[in-house]
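K.L.:
Take this structure, written in structure tokens, and hold onto it; I'll ask about it next.
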Amino acid sequence: MPPASPLLSIALLLGAGAAVQWLAWRLRVPAILFLLLTGFLIGPILGWFRPEDAFGDVFRPLVSLAVGIILFEGGLTLRFDELRGAGRVVTRLVSVGALVTWALTTLAGVWIAGVRFEIALLVGAILVLTGPTVVIPLVRHVRPRPPIGPILRWEGILIDPIGAVLALLVLEALTGHESTGMAVAFGIVRTLAYGGGLGLLAGWAVARSLERFIVPDRLHVPVTFGAVALTFALANTLQAEAGLLAVTVMGIVLANRSRLDIEHVAEWHEPLVTMLLALLFVTIAARLPSATLTRLGASTLLFTAFLIVVVRPIAVAVSTVGSSLGWRDRAFLMAMAPRGIVVAAVSSEFSLHLEHSGVPGGQVLVGLVFPVIMLSVLVYGFGARPFAKMLGVAQADPQGVLLVGADQVARELGYALKEQGIEVLLVDTNHAHTTAARTSGLRTWQGSVLSQRFAEEAELGGIGHMLALTPSDEVNRLALEQYLPTFGRARLYRLASAAGKKAEESVVGRELFEKGLDAEALRNMLHEGARIRATKLTEQFGPEEYRRPYGEHVRPLFVLTADRNLQVVTADKPAGLKSGQTVLGLVPKNALKTEPAAAPTAG
């Protein structure tokens with residue numbers, strides 16, 4: 001089959017990548033599996049696509065730049081204040097645990113897979129990474145009890161730059177022109193100096209230019225992207241492969257500027273990274289000869305099993321010595337280390353670099369790493385939730401609430417729930433709304449609930465309900481559909497549309513509150529001074545006594561049962577009040593003066 005033109009190849013890859021990722025979303029499986037399978041199918045199996053033939057000499061630079069952009073995005077997620085909150089266990093997992101993983105994986109590569117020590121050393125360094133894009137969706141699916149979720153999330157985020165730099169140093173040692181220990185040491189110093197120095201300088205320069213309004217808003221994204229590409233290329237020119245470190249450091253610098261809001265830059269990054277991942281994984285898999293994937297035979301299975309059964313448990317055990325974690329929490333941490341996107345990207349890039357430098361072992365590298373990626377995603381993906389249930393660490397019935405929107409309605413609801421000890425999280429793109437919510441002591445997320453950034457980084461531990469409260473019916477619908485697998489239909493809710501506008505029958509989400517209390521009516525009542533009051537019902541002060549002073553004015557919104565389970569009042573399930581419950585009701589301003597003085601309030 002004659003090679004396709006680069007233009008046609010890129011167009012077909014983008015189309016196929018989008019279709020494959022949509023299919024993975026519909027089937028609720030990690031997209032990485034389908035992307036790799038697609039690459040294997042069109043490349044080594046059917047022979048329809050050969051990346052080197054289609055792209056020629058630009059193939060390796062394209063892969064390198066794509067990896068750099070992905071690592072820059074990883075750096076943007078790393079904030080030091082959140083690292084301190086993640087605790088001592090995370091710090092030890094990404095330091096001591098990483099070294100243990102590197103050492104044991106290297107030994108397994110030599111003894112089980114039978115590869116050369118130098119290549120095993122590089123494989124061990126690469127497989128230190130676990131991959132937040134795989135770990136975080138699994139954590140959200142399993143929903144383990146605190147602090148397991150935050151620990152896994154921050155380990156996955158932090159290990160990306162750490163593992164990439166470690167692998168980069170090993171690669172520099174393998175491909176250095178001088179073989180003496182002193183030459184290797186100088187190469188490592190140059191990598192750290194050029195990569196780290198340029199990353200710090202570029203990050204500072206971009207941050208200052210945005211903070212001082214030197215760059216207009218419409219150019220924030222192009223300027224940032226141009227600076228990333230230029231920094232990556234310049235660092236690589238000064239020192240081979242120093243660009244990966246440079247762009248990672250640059251992302252970290254931008255993420256930790258307290259006066260800089262980079263949310264709009266991060267949101268732009270998501271669709272770009274999604275497209276790059278599709279291109280990257282399909283082309284990476286397509287260039288792998290089938291013999292490469294089968295060269296190591298059954299030893300690949302044994303190698304992966306050793307990583308899962310031996311290496312990860314030992315690394316976690318060493319990292320959690322002296323911590324307050326119970327054995328069940330430690331056991332679950334031992335059972336979560338899937339490899340994902342950055343592992344595949346870095347291994348492919350380093351394989352190309354080894355081949356370009358004339359160092360044998362590049363094909364062996366990807367032939368050992370790629371089966372680990374696919375097998376680990378399958379094992380952890382299908383086994384994590386049953387294992388969590390067996391251990392009893394999964395949150396069986398979380399009662400917290402995710403509020404989509406942070407306007408007055410969401411803030412009043414969130415504050416009333418928080419007063420009753422219910423975990424709440426408000427997400428909104430409006431900076432003024434989230435600022436007002438934080439001022440009230442509510443936990444917030446600044447950004448879009450539909451963004452990949454929120455899906456990967458938001459901490460949903462303890463959250464079991466989702467209330468879509470934005471003025472946009474379309475945003476509410478999309479948000480509920482996106483989180484249907486996370487919460488289930490029974491715990492997805494939406495405000496009724498404005499009066500006269502009927503929702504479609506197929507819309508996901510139960511209609512919030514009693515009939516007639518639509519979005520417009522609720523906002524008007526709060527604007528006019530209505531307030532949410534919490535009242536504890538007892539044998540002496542039951543439902544009749546509760547309603548008597550207010551009549552039809554009070555509108556129950558939530559009910560907390562005696563065992564502190566949250567019941568959301570909906571149009572299809574009005575409040576059934578009884579003693580022992582705590583009622584959160586909306587009381588109009590003109591009825592507040594009739595509040596019964598003897599009514600025992602809760603919270």
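Residue numbers start at 1 in each chain; chains themselves are named A, B, ... in the order of the structure tokens; ligands are numbered from 1 in the order shown.
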Looking only at the backbone, which of the residues in stretch 238-463 of chain A does DSSP tag as strand (DSSP E), as number ranges by chain?

P.N.:
A: 400-404, 424-428, 444-446, 463

K.L.:
Could you write those residues out with C-alpha atoms, as a short mmCIF file (atom, residue, chain, number, x, y, z; two decimals), in the first residue's frame?

P.N.:
data_model
loop_
_atom_site.label_atom_id
_atom_site.label_comp_id
_atom_site.auth_asym_id
_atom_site.auth_seq_id
_atom_site.Cartn_x
_atom_site.Cartn_y
_atom_site.Cartn_z
CA GLY A 400 -21.79 14.83 50.25
CA VAL A 401 -23.12 17.13 47.53
CA LEU A 402 -21.53 18.52 44.38
CA LEU A 403 -23.23 21.81 43.50
CA VAL A 404 -22.80 22.85 39.85
CA VAL A 424 -20.13 20.18 49.81
CA LEU A 425 -18.17 21.30 46.75
CA LEU A 426 -19.26 24.19 44.52
CA VAL A 427 -17.92 24.47 40.95
CA ASP A 428 -18.43 27.55 38.79
CA THR A 444 -15.06 25.61 45.70
CA TRP A 445 -13.57 24.86 42.30
CA GLN A 446 -12.94 27.70 39.86
CA ILE A 463 -19.50 13.29 47.53
#

K.L.:
So that I can see what lies close to stretch 517-529 of chain A, please list as a PDB file with C-alpha atoms, in the first residue's frame the residues with an atom at most 9 Å from it, counting only C-alpha atoms and leaving out residues fewer than 3 positions away in the same chain.

P.N.:
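Done, and the output landed in result24.pdb:
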ATOM      1  CA  GLN A 408     -26.742  32.868  45.491  1.00  0.00           C
ATOM      2  CA  VAL A 409     -28.931  29.767  45.175  1.00  0.00           C
ATOM      3  CA  GLU A 412     -27.395  29.266  50.289  1.00  0.00           C
ATOM      4  CA  LEU A 469     -28.053  24.638  39.513  1.00  0.00           C
ATOM      5  CA  THR A 470     -26.717  26.842  36.710  1.00  0.00           C
ATOM      6  CA  PRO A 471     -29.062  29.158  34.778  1.00  0.00           C
ATOM      7  CA  LEU A 495     -33.398  22.731  38.966  1.00  0.00           C
ATOM      8  CA  ALA A 496     -36.645  22.884  37.029  1.00  0.00           C
ATOM      9  CA  SER A 497     -36.534  25.140  33.979  1.00  0.00           C
ATOM     10  CA  ALA A 498     -38.172  28.548  34.076  1.00  0.00           C
ATOM     11  CA  ALA A 499     -41.950  28.519  34.154  1.00  0.00           C
ATOM     12  CA  GLU A 511     -36.342  17.674  39.085  1.00  0.00           C
ATOM     13  CA  LEU A 512     -35.358  19.396  42.311  1.00  0.00           C
ATOM     14  CA  PHE A 513     -37.794  20.404  45.029  1.00  0.00           C
ATOM     15  CA  GLU A 514     -41.549  20.646  45.013  1.00  0.00           C
ATOM     16  CA  ARG A 555     -40.873  24.579  51.266  1.00  0.00           C
ATOM     17  CA  LEU A 586     -36.998  27.438  52.606  1.00  0.00           C
ATOM     18  CA  VAL A 587     -38.963  30.025  54.595  1.00  0.00           C
ATOM     19  CA  PRO A 588     -40.107  33.240  52.817  1.00  0.00           C
ATOM     20  CA  LYS A 589     -39.211  36.561  54.399  1.00  0.00           C
ATOM     21  CA  ASN A 590     -42.814  37.342  55.371  1.00  0.00           C
TER      22      ASN A 590
END

K.L.:
From the DSSP assignment of the backbone, select every residue of stretch 349-523 of chain A that is alpha helix (DSSP H), and format the answer as a PyMOL selection string.

P.N.:
chain A and resi 349-357+362-391+408-419+431-439+452-457+473-482+484-487+519-523

K.L.:
Any idea what the distance is between atom CA of A:Gly68 and atom CA of A:Ile252?

P.N.:
13.4 Å

K.L.:
Restricting the calculation to only C-alpha atoms, which member of A:Leu480, A:Leu12, A:Leu210, A:Val583 is positioned closest to A:Val508?

P.N.:
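The answer is A:Leu480, which sits nearest to A:Val508.
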
K.L.:
Which residue, A:Val364, A:Ala11, A:Ala534, A:Val110, has the smallest gap to A:Lys418 when you use only C-alpha atoms?

P.N.:
A:Ala534

K.L.:
Which distance in Å separates atom CA of A:Val343 and atom CA of A:Leu277, to one decimal?

P.N.:
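Result for atom CA of A:Val343 versus atom CA of A:Leu277: 12.1 Å, one decimal.
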
K.L.:
Just give me the gap between atom CA of A:Leu467 and atom CA of A:Tyr493 in Å, one decimal is fine.

P.N.:
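If I compute the distance from atom CA of A:Leu467 to atom CA of A:Tyr493, I get 4.8 Å.
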
K.L.:
Go through stretch 370-393 of chain A residue by residue and, counting only C-alpha atoms, keep those with an atom at most 10 Å from stretch 308-329 of chain A; for each kept residue give the shortest atom pair and its distance in Å to one decimal, ordered by chain and increasing number, as CSV.

P.N.:
residue,atom,partner,partner_atom,distance
A:Val372,CA,A:Ile308,CA,9.8
A:Leu375,CA,A:Ile308,CA,10.0
A:Ser376,CA,A:Ile308,CA,7.7
A:Val379,CA,A:Ile308,CA,8.9
A:Tyr380,CA,A:Ile308,CA,9.1
A:Ala388,CA,A:Arg328,CA,8.9
A:Met390,CA,A:Arg328,CA,9.7
A:Leu391,CA,A:Arg328,CA,6.0
A:Gly392,CA,A:Arg328,CA,7.6
A:Val393,CA,A:Asp329,CA,6.8
